[in-house]
Every structure is written in structure tokens, then in C-alpha cells.
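J.: Sharing data-v5.cif below, mmCIF, C-alpha atoms:
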```cif
data_model
loop_
_atom_site.label_atom_id
_atom_site.label_comp_id
_atom_site.auth_asym_id
_atom_site.auth_seq_id
_atom_site.Cartn_x
_atom_site.Cartn_y
_atom_site.Cartn_z
CA MET N 1169 15.94 3.26 95.00
CA THR N 1170 19.49 2.03 94.72
CA SER N 1171 21.13 -1.15 93.52
CA ILE N 1172 24.56 -2.58 94.18
CA GLY N 1173 26.87 -2.89 91.19
CA GLY N 1174 26.77 -1.67 87.64
CA THR N 1175 28.04 1.50 86.06
CA GLU N 1176 24.73 3.08 87.10
CA MET N 1177 23.04 2.34 90.41
CA VAL N 1178 19.75 3.32 88.77
CA ASP N 1179 18.94 3.32 85.07
CA TRP N 1180 17.22 6.70 85.13
CA ASN N 1181 16.23 6.65 81.46
CA LEU N 1182 14.55 3.28 81.97
CA ALA N 1183 12.74 4.68 85.02
CA VAL N 1184 11.29 7.50 82.90
CA ALA N 1185 10.40 5.13 80.05
CA THR N 1186 8.72 2.64 82.38
CA ALA N 1187 6.72 5.27 84.24
CA THR N 1188 5.65 6.98 81.02
CA ARG N 1189 4.56 3.68 79.53
CA PHE N 1190 2.45 2.55 82.47
CA VAL N 1191 0.99 5.84 83.68
CA ARG N 1192 -2.75 6.13 83.15
CA PRO N 1193 -3.95 8.47 80.39
CA GLY N 1194 -5.43 11.76 81.53
CA PRO N 1195 -9.02 12.91 81.02
CA GLU N 1196 -10.18 13.67 77.51
CA VAL N 1197 -9.99 17.32 76.56
CA SER N 1198 -9.90 19.05 73.20
CA ARG N 1199 -6.84 20.97 72.08
CA ASP N 1200 -8.63 24.28 72.63
CA GLU N 1201 -9.73 23.17 76.11
CA ALA N 1202 -6.17 22.16 76.96
CA ARG N 1203 -4.80 25.55 75.91
CA ALA N 1204 -7.45 27.34 77.95
CA ILE N 1205 -6.75 25.21 81.05
CA VAL N 1206 -3.00 25.83 80.84
CA ALA N 1207 -3.55 29.58 80.40
CA GLU N 1208 -5.92 29.71 83.37
CA LEU N 1209 -3.56 27.79 85.64
CA ARG N 1210 -0.73 30.18 84.76
CA LYS N 1211 -2.99 33.15 85.50
CA HIS N 1212 -4.08 31.70 88.85
CA ALA N 1213 -0.50 30.88 89.82
CA LYS N 1214 0.41 34.52 89.18
CA SER N 1215 -2.54 35.99 91.08
CA SER N 1216 -1.96 33.60 93.99
CA GLU N 1217 1.35 35.28 94.82
CA ALA N 1218 -0.24 38.50 96.06
CA HIS N 1219 -3.06 36.66 97.88
CA VAL N 1220 -0.64 34.40 99.76
CA ARG N 1221 1.82 37.18 100.63
CA ALA N 1222 -0.98 39.39 101.99
CA PHE N 1223 -2.53 36.61 104.08
CA THR N 1224 0.68 35.13 105.48
CA ARG N 1225 2.59 38.45 105.78
CA MET N 1226 5.61 36.66 104.36
CA ALA N 1227 7.75 38.21 101.64
CA GLN N 1228 10.96 37.43 99.84
CA PRO N 1229 13.74 39.26 101.75
CA ASP N 1230 15.02 41.10 98.68
CA ALA N 1231 11.63 41.60 97.04
CA THR N 1232 10.35 45.09 96.33
CA GLY N 1233 6.70 45.87 95.87
CA ASP N 1234 4.88 43.29 93.78
CA GLU N 1235 8.02 42.15 91.96
CA PRO N 1236 7.79 38.38 91.40
CA HIS N 1237 10.59 36.07 92.39
CA ASP N 1238 12.36 34.00 89.76
CA THR N 1239 10.86 30.59 90.55
CA PRO N 1240 9.31 29.31 87.31
CA VAL N 1241 5.78 27.91 87.12
CA LEU N 1242 5.48 24.88 84.84
CA VAL N 1243 2.11 23.48 83.79
CA VAL N 1244 2.87 19.87 82.90
CA ASP N 1245 1.18 16.63 81.92
CA ARG N 1246 1.81 13.31 83.70
CA PRO N 1247 4.94 12.39 81.70
CA GLY N 1248 6.28 15.89 82.38
CA TRP N 1249 5.80 15.39 86.12
CA ILE N 1250 7.63 12.06 85.86
CA LYS N 1251 10.63 13.60 84.09
CA ALA N 1252 10.84 16.42 86.64
CA ASN N 1253 10.74 14.06 89.60
CA VAL N 1254 13.33 11.68 88.17
CA ALA N 1255 15.64 14.67 87.78
CA GLY N 1256 14.96 15.63 91.40
CA PHE N 1257 15.55 12.10 92.70
CA ARG N 1258 18.81 11.93 90.78
CA ALA N 1259 20.05 15.17 92.34
CA VAL N 1260 19.06 14.32 95.92
CA LEU N 1261 20.34 10.74 95.80
CA LYS N 1262 23.67 11.57 94.16
CA PRO N 1263 25.75 11.38 97.39
CA LEU N 1264 24.20 8.05 98.40
CA LEU N 1265 24.71 6.56 94.96
CA ALA N 1266 28.34 7.68 94.98
CA LYS N 1267 28.78 6.04 98.39
CA MET N 1268 27.36 2.78 97.12
CA GLU N 1269 29.52 3.02 94.01
CA ASP N 1270 32.59 3.12 96.24
CA ARG N 1271 31.42 0.00 98.05
CA ARG N 1272 30.51 -1.89 94.90
CA SER N 1273 33.84 -3.58 94.28
CA THR N 1274 33.90 -5.10 97.78
CA VAL N 1275 30.53 -6.82 97.48
CA PRO N 1276 30.63 -10.59 96.74
CA GLY N 1277 29.00 -11.16 93.38
CA GLY N 1278 28.90 -7.44 92.71
CA ALA N 1279 29.78 -7.86 89.04
CA VAL N 1280 26.82 -10.20 88.49
CA LEU N 1281 24.43 -7.92 90.35
CA GLY N 1282 25.77 -4.97 88.43
CA ALA N 1283 24.70 -6.45 85.11
CA VAL N 1284 21.02 -6.16 85.98
CA GLY N 1285 20.86 -4.04 89.15
CA GLY N 1286 20.45 -0.64 87.51
CA LYS N 1287 17.83 -1.97 85.09
CA VAL N 1288 15.78 -3.65 87.82
CA THR N 1289 15.87 -0.57 90.01
CA GLY N 1290 14.96 1.65 87.07
CA VAL N 1291 11.87 -0.46 86.42
CA GLU N 1292 10.92 -0.45 90.12
CA LEU N 1293 11.25 3.31 90.36
CA GLY N 1294 9.33 3.72 87.11
CA MET N 1295 6.40 1.66 88.40
CA LEU N 1296 6.28 3.71 91.58
CA LEU N 1297 6.27 6.98 89.64
CA SER N 1298 3.55 5.72 87.29
CA PHE N 1299 1.34 5.18 90.34
CA LEU N 1300 2.05 8.61 91.81
CA ALA N 1301 1.93 10.57 88.54
CA SER N 1302 -1.86 10.39 88.29
CA ARG N 1303 -2.39 11.55 91.89
CA VAL N 1304 -0.32 14.70 92.33
CA LEU N 1305 -2.14 17.98 91.63
CA GLY N 1306 0.82 20.28 92.12
CA GLN N 1307 4.27 20.30 93.64
CA TYR N 1308 6.94 22.77 94.66
CA GLU N 1309 10.23 21.09 93.74
CA THR N 1310 12.71 22.38 96.27
CA PHE N 1311 15.82 20.69 94.88
CA ALA N 1312 15.01 20.80 91.19
CA PRO N 1313 17.99 20.94 88.82
CA ALA N 1314 17.51 23.09 85.73
CA SER N 1315 17.44 21.52 82.27
CA ARG N 1316 16.54 22.67 78.78
CA ASP N 1317 12.96 21.39 79.08
CA LEU N 1318 12.53 22.00 82.82
CA PRO N 1319 13.86 25.38 83.97
CA ALA N 1320 14.43 26.11 87.66
CA ALA N 1321 15.35 29.10 89.80
CA ALA N 1322 19.01 30.04 90.20
CA GLN N 1323 19.13 28.45 93.67
CA GLY N 1324 16.94 25.52 92.63
CA GLY N 1325 13.19 25.25 92.82
CA ARG N 1326 10.22 25.28 90.49
CA LEU N 1327 6.48 25.00 90.85
CA LEU N 1328 4.69 22.25 88.93
CA LEU N 1329 0.96 22.16 88.22
CA VAL N 1330 -0.21 18.83 86.79
CA ALA N 1331 -3.05 19.91 84.51
CA PRO N 1332 -4.67 16.51 83.71
CA ASN N 1333 -4.83 15.58 87.39
CA ILE N 1334 -6.42 18.89 88.33
CA VAL N 1335 -9.05 18.44 85.61
CA HIS N 1336 -9.64 14.81 86.64
CA VAL N 1337 -10.29 15.72 90.28
CA GLU N 1338 -12.48 18.75 89.57
CA ARG N 1339 -14.66 16.56 87.35
CA GLU N 1340 -14.76 13.73 89.86
CA LEU N 1341 -15.78 16.07 92.68
CA GLU N 1342 -18.19 18.01 90.45
CA VAL N 1343 -16.93 21.35 91.71
CA GLU N 1344 -16.66 24.70 89.93
CA PRO N 1345 -13.51 24.31 87.76
CA HIS N 1346 -12.27 27.90 87.97
CA ASP N 1347 -12.59 27.95 91.76
CA PHE N 1348 -10.87 24.58 92.13
CA ARG N 1349 -7.94 25.55 89.94
CA LEU N 1350 -7.33 28.74 91.91
CA TRP N 1351 -7.67 26.82 95.20
CA VAL N 1352 -4.97 24.35 94.12
CA CYS N 1353 -2.71 27.21 93.02
CA LEU N 1354 -3.06 28.87 96.43
CA HIS N 1355 -1.75 25.73 98.13
CA GLU N 1356 1.25 25.38 95.83
CA GLU N 1357 2.03 29.10 95.90
CA THR N 1358 2.16 28.88 99.70
CA HIS N 1359 4.92 26.29 99.39
CA ARG N 1360 6.81 28.51 96.97
CA THR N 1361 6.43 31.43 99.39
CA GLN N 1362 7.69 29.34 102.31
CA PHE N 1363 10.97 28.61 100.56
CA THR N 1364 11.51 31.98 98.90
CA ALA N 1365 10.67 34.00 102.02
CA VAL N 1366 12.68 31.82 104.41
CA PRO N 1367 16.22 31.63 102.95
CA TRP N 1368 17.57 29.01 105.39
CA LEU N 1369 14.70 26.54 104.97
CA ARG N 1370 15.94 24.83 101.82
CA ASP N 1371 19.45 24.22 103.18
CA HIS N 1372 18.03 22.98 106.48
CA ILE N 1373 15.79 20.39 104.84
CA GLU N 1374 18.52 19.34 102.44
CA GLY N 1375 20.88 18.84 105.38
CA GLU N 1376 18.33 16.63 107.15
CA ILE N 1377 17.74 14.57 104.01
CA GLN N 1378 21.45 14.08 103.44
CA ALA N 1379 21.89 13.11 107.09
CA PHE N 1380 19.10 10.55 106.63
CA LEU N 1381 20.75 9.15 103.50
CA GLY N 1382 24.16 9.21 105.18
CA GLU N 1383 22.81 6.87 107.85
CA THR N 1384 21.55 4.42 105.23
CA ASP N 1385 22.76 0.90 105.96
CA ILE N 1386 24.45 -0.17 102.74
CA ASP N 1387 25.75 -3.50 104.06
CA PRO N 1388 24.37 -6.00 101.50
CA GLY N 1389 23.30 -8.54 104.11
CA ALA N 1390 21.39 -6.00 106.17
CA LEU N 1391 19.87 -4.45 103.07
CA LEU N 1392 18.65 -7.79 101.77
CA GLU N 1393 17.18 -8.63 105.20
CA ARG N 1394 15.23 -5.38 105.26
CA LEU N 1395 13.97 -5.98 101.72
CA ARG N 1396 12.91 -9.49 102.76
CA GLU N 1397 10.91 -8.01 105.65
CA ALA N 1398 9.30 -5.55 103.27
CA ALA N 1399 8.43 -8.34 100.83
CA GLN N 1400 6.85 -10.38 103.63
CA SER N 1401 4.77 -7.40 104.66
CA LEU N 1402 3.62 -6.80 101.08
CA ALA N 1403 2.87 -10.48 100.48
CA GLY N 1404 0.88 -10.78 103.69
CA ALA N 1405 3.23 -13.25 105.37
CA LYS N 1406 2.58 -11.29 108.55
CA PRO N 1407 -1.10 -10.35 108.48
CA GLU N 1408 -1.79 -6.92 109.86
CA GLY N 1409 -2.95 -7.03 113.46
CA GLU N 1410 -1.63 -10.54 114.07
CA GLU N 1411 -0.45 -11.06 117.63
CA GLY N 1412 3.28 -10.47 117.94
CA ASP N 1413 3.41 -8.64 114.60
CA GLU N 1414 5.40 -5.47 115.22
CA ASP N 1415 5.61 -4.40 111.57
CA GLY N 1416 1.96 -4.82 110.57
CA GLY N 1417 1.19 -1.13 110.61
CA ARG N 1418 4.50 0.06 109.17
CA SER N 1419 5.17 1.22 105.65
CA LEU N 1420 7.95 0.18 103.31
CA VAL N 1421 9.79 3.37 104.29
CA ASP N 1422 9.62 2.38 107.96
CA LEU N 1423 11.02 -1.07 107.27
CA VAL N 1424 14.28 0.25 105.81
CA GLN N 1425 15.10 2.72 108.61
CA THR N 1426 17.89 2.46 111.12
CA PRO N 1427 17.33 3.89 114.64
CA ALA N 1428 19.36 6.99 113.73
CA GLN N 1429 17.23 7.50 110.64
CA ARG N 1430 14.06 7.35 112.73
CA GLU N 1431 15.30 10.30 114.79
CA ILE N 1432 16.02 12.30 111.66
CA LEU N 1433 12.70 11.28 110.15
CA GLY N 1434 10.93 12.53 113.26
CA ARG N 1435 12.38 16.00 112.66
CA LEU N 1436 11.57 15.86 108.96
CA THR N 1437 8.03 14.72 109.72
CA ALA N 1438 7.54 17.74 111.98
CA VAL N 1439 8.76 20.26 109.42
CA MET N 1440 6.78 18.64 106.60
CA SER N 1441 3.66 18.65 108.78
CA LEU N 1442 4.24 22.34 109.36
CA LEU N 1443 4.71 23.12 105.65
CA GLU N 1444 1.75 21.05 104.47
CA GLY N 1445 -0.55 22.19 107.26
CA HIS N 1446 0.41 25.83 106.68
CA ALA N 1447 -0.40 25.47 102.96
CA ASP N 1448 -3.81 23.95 103.74
CA TYR N 1449 -4.53 26.66 106.31
CA VAL N 1450 -3.60 29.42 103.85
CA MET N 1451 -5.55 28.03 100.88
CA ASP N 1452 -8.70 27.88 103.02
CA GLY N 1453 -7.99 31.20 104.75
CA VAL N 1454 -7.56 33.07 101.48
CA GLY N 1455 -10.37 31.09 99.92
CA PRO N 1456 -13.55 32.91 101.03
CA ASP N 1457 -12.41 36.21 99.50
CA VAL N 1458 -11.32 34.83 96.12
CA VAL N 1459 -12.81 31.30 95.86
CA PRO N 1460 -16.59 31.56 96.41
CA SER N 1461 -17.14 27.78 96.62
CA VAL N 1462 -14.18 27.04 98.92
CA ALA N 1463 -16.31 25.41 101.64
CA GLU N 1464 -17.85 22.95 99.19
CA ILE N 1465 -14.46 22.21 97.61
CA ARG N 1466 -12.80 21.54 100.97
CA GLU N 1467 -15.60 19.24 102.16
CA LYS N 1468 -15.57 17.13 99.00
CA PHE N 1469 -11.79 17.10 98.73
CA GLN N 1470 -11.33 15.96 102.33
CA LYS N 1471 -13.69 13.04 101.78
CA ARG N 1472 -11.79 12.04 98.65
CA ARG N 1473 -8.40 12.43 100.32
CA ALA N 1474 -9.45 10.29 103.29
CA SER N 1475 -11.15 7.48 101.39
CA GLY N 1476 -8.78 6.78 98.50
CA ALA N 1477 -9.96 5.38 95.17
CA GLY N 1478 -10.30 1.73 96.23
CA ARG N 1479 -8.81 -1.14 98.19
CA LEU N 1480 -5.72 -1.41 95.97
CA ASP N 1481 -5.15 2.33 96.17
CA GLN N 1482 -5.47 2.24 99.96
CA ALA N 1483 -3.05 -0.70 100.22
CA LEU N 1484 -0.46 1.04 98.05
CA ARG N 1485 -0.85 4.29 99.98
CA LYS N 1486 -0.18 2.47 103.23
CA LEU N 1487 2.77 0.55 101.84
CA LEU N 1488 4.38 3.71 100.43
CA GLY N 1489 3.76 5.69 103.60
CA LEU N 1490 1.28 8.06 101.92
CA ASP N 1491 -1.18 7.68 104.80
CA ALA N 1492 1.43 9.36 106.97
CA LYS N 1493 1.40 12.30 104.55
CA LEU N 1494 -2.37 12.62 104.96
CA ARG N 1495 -1.91 12.80 108.72
CA GLN N 1496 0.68 15.54 108.16
CA TYR N 1497 -1.94 17.70 106.46
CA ARG N 1498 -4.43 17.26 109.29
CA GLU N 1499 -2.02 17.59 112.22
CA GLY N 1500 -0.11 20.43 110.62
CA GLU N 1501 -3.22 22.44 109.89
CA ARG N 1502 -4.47 21.96 113.45
CA PHE N 1503 -1.10 23.21 114.73
CA VAL N 1504 -1.14 26.33 112.54
CA SER N 1505 -4.77 27.10 113.34
CA ALA N 1506 -4.24 26.76 117.10
CA VAL N 1507 -1.10 28.92 117.10
CA VAL N 1508 -2.63 31.67 114.95
CA GLU N 1509 -5.73 31.72 117.15
CA GLU N 1510 -3.57 32.13 120.25
CA VAL N 1511 -0.81 34.53 119.10
CA GLY N 1512 -1.94 35.83 115.69
CA MET N 1513 -0.31 35.49 112.29
CA ASP N 1514 2.75 37.55 113.21
CA GLY N 1515 3.19 35.42 116.31
CA PHE N 1516 2.92 32.26 114.25
CA ASN N 1517 5.53 33.60 111.82
CA ARG N 1518 8.16 33.32 114.53
CA VAL N 1519 8.26 29.69 113.39
CA TRP N 1520 10.35 30.87 110.42
CA THR N 1521 13.03 32.57 112.55
CA SER N 1522 15.54 29.70 112.55
CA PRO N 1523 15.71 25.89 112.67
CA ASN N 1524 15.49 26.20 116.47
CA THR N 1525 12.00 27.72 116.26
CA LEU N 1526 10.58 24.95 114.10
CA PRO N 1527 8.12 22.76 116.02
CA THR N 1528 9.14 19.30 117.14
CA LYS N 1529 7.00 16.30 116.28
CA GLN N 1530 5.61 16.41 119.82
CA GLU N 1531 4.84 20.15 119.54
CA ILE N 1532 2.91 19.61 116.31
CA ALA N 1533 0.51 17.53 118.39
CA LYS N 1534 0.62 20.02 121.31
CA PRO N 1535 0.76 23.58 119.92
CA ALA N 1536 0.67 25.07 123.42
CA ASP N 1537 4.08 23.53 124.08
CA TRP N 1538 5.54 25.32 121.07
CA ILE N 1539 3.97 28.61 122.15
CA ALA N 1540 5.42 28.16 125.64
CA ARG N 1541 8.89 27.40 124.28
CA VAL N 1542 9.12 30.01 121.54
CA HIS N 1543 6.91 32.84 122.81
CA ARG N 1544 6.77 32.87 126.56
CA LYS N 1545 10.48 32.19 127.06
CA ALA N 1546 11.45 34.69 124.35
CA ASP N 1547 9.13 37.29 125.90
CA GLY N 1548 10.55 36.68 129.40
CA ALA N 1549 7.45 35.01 130.79
CA PRO N 1550 8.02 32.57 133.68
#
```
Could you rewrite the structure in this file as C-alpha cells?
T.:
Amino acid sequence: MTSIGGTEMVDWNLAVATATRFVRPGPEVSRDEARAIVAELRKHAKSSEAHVRAFTRMAQPDATGDEPHDTPVLVVDRPGWIKANVAGFRAVLKPLLAKMEDRRSTVPGGAVLGAVGGKVTGVELGMLLSFLASRVLGQYETFAPASRDLPAAAQGGRLLLVAPNIVHVERELEVEPHDFRLWVCLHEETHRTQFTAVPWLRDHIEGEIQAFLGETDIDPGALLERLREAAQSLAGAKPEGEEGDEDGGRSLVDLVQTPAQREILGRLTAVMSLLEGHADYVMDGVGPDVVPSVAEIREKFQKRRASGAGRLDQALRKLLGLDAKLRQYREGERFVSAVVEEVGMDGFNRVWTSPNTLPTKQEIAKPADWIARVHRKADGAP
């Protein structure tokens, strides 16, 4: 999401305009229906706080009683989600863009590239966001900068609920709307709880992301080579499964990684698997008491999540690495379930003690190894 040259590496305004223009319209609802949906989502987001805290036994360190934390809940439409994410991208990528800005003057032909680079990248980012904007139900924005239209907590962070997408999916699955809306809110509230109850988590993830970006190969020749490989993969120049094809099963994200980045990504994959799996485990664990149709919702939602909407959707998911995210949900939930079954919820919560108690990518797949490392050694077992 960067270009070489130009006063702006990315034309962020063009990214928003492009994504807003090409994003699909949401489902048809009347004005009264829209107001009622927004009000219900806000109510469910509020009630989810107590449900999640009671089930997970996690609480904000300085919280007292049922006092809510200051993370705002925003019910948005698809363009609102786009604007929020562009603001987040801009904040996270700022160090990398500054680094490339410093290198700009040394690049042959940089002035020519600079004339169009930011515009081209803005359009590319906009098209990507237009694809994603109709698929995200909710999102906890960890690194969200505050703005007049999009408030955030003092230390960053806000919870987004994308109302048209929630309505679209509940209609597609033919599930009870009130139950589905609360179920989605439970998942997103779990993410908010993870970051508000574990003060070091945000800084740890930000450090890993910045380390990943810091390892980005900004040499123009190497960058162009990696983009060429990605283009070949997308165009089918190397058919998947062809003998000798090492990149057939890799996403666009994989194709632009250096070896050092792959190590960092392994750690990030583990922590994201933990966070996503924990949220899925909690939303289903809380579910039976407050969401009567949770079993039906989970069964239908899993089938939808696994199948995708069609061949184009599946191809784009693979290219963007979204299939890896689906595996994170499954593997992470299996990890949480296995650990809680073995050592209980309080035992599982040792995972939040420090970065050293987070599971590795290998331990996500083998929960017993994490238990042996964190529990048995800490408890003095041989």
C-alpha cells in the first residue's frame, strides 16, 4: 500500500472516494427500520460488556463495579467503515511511508513515478476496501486515531458495528435477527475486553507490526520483482498445483515478505489466532444463556464462512490471505477450548500475563505444549 515518489505515498482521499464509489449498496431497509437496528445494536453492545466480563473473568485494571470503559461504540454503514479503516491504515503505516519518503529522491525516475504513484496506490487501496467493506460485521480498531466524525478512546481504540452487513447476513442465513445481532456484539465486545483488560497487549502488537514494516524491502528493484511475482500468481502464469510451483498456494501477502518478516508474521499469526479464537469461544460460551438460537446461528454461520459467496469471492479471499484468517478462527478456538477444558478459565487467563505467556504458532496447534510451558514449569512440576 505504498508507492515511491510524490508528495504523498498514498492519496488517502482518493482511496476513500474509490472505495465509497465501488462498494456494493447495503440491504434495503426503511428509515424507521434503520433507526431501530442502530438502537438495538447499541443496546446489545452495552449488555455484552457484563456478559463477556462474567464469562471470561477479565476486567479493566482500573474498573470499579459495572463502570464502562471509555472505548466508544460506533454503528456505521459501509462508507463509514471505509473511512475508519483508511484512518487506521494511515496511522499504522506512517513510519513506513516516512521511510520511503526519505528514499524517494535516490530512486531513478522517482519524479516521474511520483506524479502518479500516490493516485495509483489510492485507487488500488480503494478497490481493496470496497471488496472488504461489504464483508465485515464488526471490528475492534486497536490503533484508531480520533477525529471529529470518528471518536476513539484516549489511548486509541473504538468498536465498529457495520449495520448493513449484519442485516445482510442475518437475512441470508434466515436466523432470528435479535439473537444474531447480540451474538455478533458478544464477539466484538470480547475483542474490546481483551485490549482494555490487558494493558500491554496493544503496545506489544503495535511493536510487532512496526517491526514487520521496518523489515520491508523498499529497494525498488526488489519491490518490483515481488510485485511481478504477485501479478503472475494473480494472472495464472503459474497454475496452482503445477509441478515446481512453490508459490501456488501463497497469498499476495506471502509474496511480499522477507525471511525476517515471516518470523514476525509467525508470532503475529499466533496472537491473532488466540484473539480470534478466544472471541469465537466466548460468543458461543455466553450464547446459550442469552442467545436462545446460538446453536443454529453457529452452524449456519460456519457453513457460510467456509464456503464463501462464489468462485470470485474464494479467489480474492485466497489472494488477500483471508483464508488464513479463517484458519485462525478454527485453530484459535480449538486452542482456547482445549486449554480451558484442561486448566479452567482462570488457568487459561495466564495467557494474558505477559508477552512471554502468549502461545507460539506451534503451541496454537498443540495446546498441551503451552500448558506444559506456562503451567507445569510455573507450578514447579517436572
J.: Which of these residues is nearest to Glu1464 in chain N, using all atoms listed in the file: N:Tyr1497, N:Phe1299, N:Phe1503, N:Phe1348?
T.: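 Ranking N:Tyr1497, N:Phe1299, N:Phe1503, N:Phe1348 by distance to Glu1464 in chain N, first place goes to N:Phe1348.
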J.: Once the PyMOL selection byres ((chain N and resi 1323-1340) around 8) has been evaluated on this model, what residues remain selected, and can you format them as a ChimeraX atom specification?
T.: /N:1194-1195,1205-1206,1209,1239-1246,1249,1302-1314,1319-1322,1341-1345,1348-1349,1353,1356-1357,1360
J.: Those same residues - C-alpha atoms - I'd like them written as a PDB file, in the coordinates of the input.
T.:
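Written output follows (again06.pdb):
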```
ATOM      1  CA  GLY N1194      -5.430  11.760  81.530  1.00  0.00           C
ATOM      2  CA  PRO N1195      -9.020  12.910  81.020  1.00  0.00           C
ATOM      3  CA  ILE N1205      -6.750  25.210  81.050  1.00  0.00           C
ATOM      4  CA  VAL N1206      -3.000  25.830  80.840  1.00  0.00           C
ATOM      5  CA  LEU N1209      -3.560  27.790  85.640  1.00  0.00           C
ATOM      6  CA  THR N1239      10.860  30.590  90.550  1.00  0.00           C
ATOM      7  CA  PRO N1240       9.310  29.310  87.310  1.00  0.00           C
ATOM      8  CA  VAL N1241       5.780  27.910  87.120  1.00  0.00           C
ATOM      9  CA  LEU N1242       5.480  24.880  84.840  1.00  0.00           C
ATOM     10  CA  VAL N1243       2.110  23.480  83.790  1.00  0.00           C
ATOM     11  CA  VAL N1244       2.870  19.870  82.900  1.00  0.00           C
ATOM     12  CA  ASP N1245       1.180  16.630  81.920  1.00  0.00           C
ATOM     13  CA  ARG N1246       1.810  13.310  83.700  1.00  0.00           C
ATOM     14  CA  TRP N1249       5.800  15.390  86.120  1.00  0.00           C
ATOM     15  CA  SER N1302      -1.860  10.390  88.290  1.00  0.00           C
ATOM     16  CA  ARG N1303      -2.390  11.550  91.890  1.00  0.00           C
ATOM     17  CA  VAL N1304      -0.320  14.700  92.330  1.00  0.00           C
ATOM     18  CA  LEU N1305      -2.140  17.980  91.630  1.00  0.00           C
ATOM     19  CA  GLY N1306       0.820  20.280  92.120  1.00  0.00           C
ATOM     20  CA  GLN N1307       4.270  20.300  93.640  1.00  0.00           C
ATOM     21  CA  TYR N1308       6.940  22.770  94.660  1.00  0.00           C
ATOM     22  CA  GLU N1309      10.230  21.090  93.740  1.00  0.00           C
ATOM     23  CA  THR N1310      12.710  22.380  96.270  1.00  0.00           C
ATOM     24  CA  PHE N1311      15.820  20.690  94.880  1.00  0.00           C
ATOM     25  CA  ALA N1312      15.010  20.800  91.190  1.00  0.00           C
ATOM     26  CA  PRO N1313      17.990  20.940  88.820  1.00  0.00           C
ATOM     27  CA  ALA N1314      17.510  23.090  85.730  1.00  0.00           C
ATOM     28  CA  PRO N1319      13.860  25.380  83.970  1.00  0.00           C
ATOM     29  CA  ALA N1320      14.430  26.110  87.660  1.00  0.00           C
ATOM     30  CA  ALA N1321      15.350  29.100  89.800  1.00  0.00           C
ATOM     31  CA  ALA N1322      19.010  30.040  90.200  1.00  0.00           C
ATOM     32  CA  LEU N1341     -15.780  16.070  92.680  1.00  0.00           C
ATOM     33  CA  GLU N1342     -18.190  18.010  90.450  1.00  0.00           C
ATOM     34  CA  VAL N1343     -16.930  21.350  91.710  1.00  0.00           C
ATOM     35  CA  GLU N1344     -16.660  24.700  89.930  1.00  0.00           C
ATOM     36  CA  PRO N1345     -13.510  24.310  87.760  1.00  0.00           C
ATOM     37  CA  PHE N1348     -10.870  24.580  92.130  1.00  0.00           C
ATOM     38  CA  ARG N1349      -7.940  25.550  89.940  1.00  0.00           C
ATOM     39  CA  CYS N1353      -2.710  27.210  93.020  1.00  0.00           C
ATOM     40  CA  GLU N1356       1.250  25.380  95.830  1.00  0.00           C
ATOM     41  CA  GLU N1357       2.030  29.100  95.900  1.00  0.00           C
ATOM     42  CA  ARG N1360       6.810  28.510  96.970  1.00  0.00           C
TER      43      ARG N1360
END
```
J.: Suppose you want the space between CA of Leu1433 in chain N and CA of Gly1382 in chain N; what is it in Å?
T.: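 It comes out at 12.7 Å.
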J.: Which value, in Å to one decimal, gives the distance between CA of Asp1452 in chain N and CA of Gly1515 in chain N?
T.: 19.4 Å
J.: Please measure the separation of CA of Gly1500 in chain N and CA of His1219 in chain N, giving the value in Å to one decimal.
T.: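 Separation of CA of Gly1500 in chain N and CA of His1219 in chain N: 20.8 Å.
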J.: If you apply the PyMOL selection byres ((chain N and resi 1447) around 8) to this file, what residues do you get, as an mmCIF file with C-alpha atoms, keeping the file's coordinate frame?
T.:
```cif
data_model
loop_
_atom_site.group_PDB
_atom_site.id
_atom_site.type_symbol
_atom_site.label_atom_id
_atom_site.label_comp_id
_atom_site.auth_asym_id
_atom_site.auth_seq_id
_atom_site.Cartn_x
_atom_site.Cartn_y
_atom_site.Cartn_z
ATOM 1 C CA LEU N 1354 -3.060 28.870 96.430
ATOM 2 C CA HIS N 1355 -1.750 25.730 98.130
ATOM 3 C CA GLU N 1356 1.250 25.380 95.830
ATOM 4 C CA THR N 1358 2.160 28.880 99.700
ATOM 5 C CA HIS N 1359 4.920 26.290 99.390
ATOM 6 C CA LEU N 1443 4.710 23.120 105.650
ATOM 7 C CA GLU N 1444 1.750 21.050 104.470
ATOM 8 C CA GLY N 1445 -0.550 22.190 107.260
ATOM 9 C CA HIS N 1446 0.410 25.830 106.680
ATOM 10 C CA ASP N 1448 -3.810 23.950 103.740
ATOM 11 C CA TYR N 1449 -4.530 26.660 106.310
ATOM 12 C CA VAL N 1450 -3.600 29.420 103.850
ATOM 13 C CA MET N 1451 -5.550 28.030 100.880
#
```
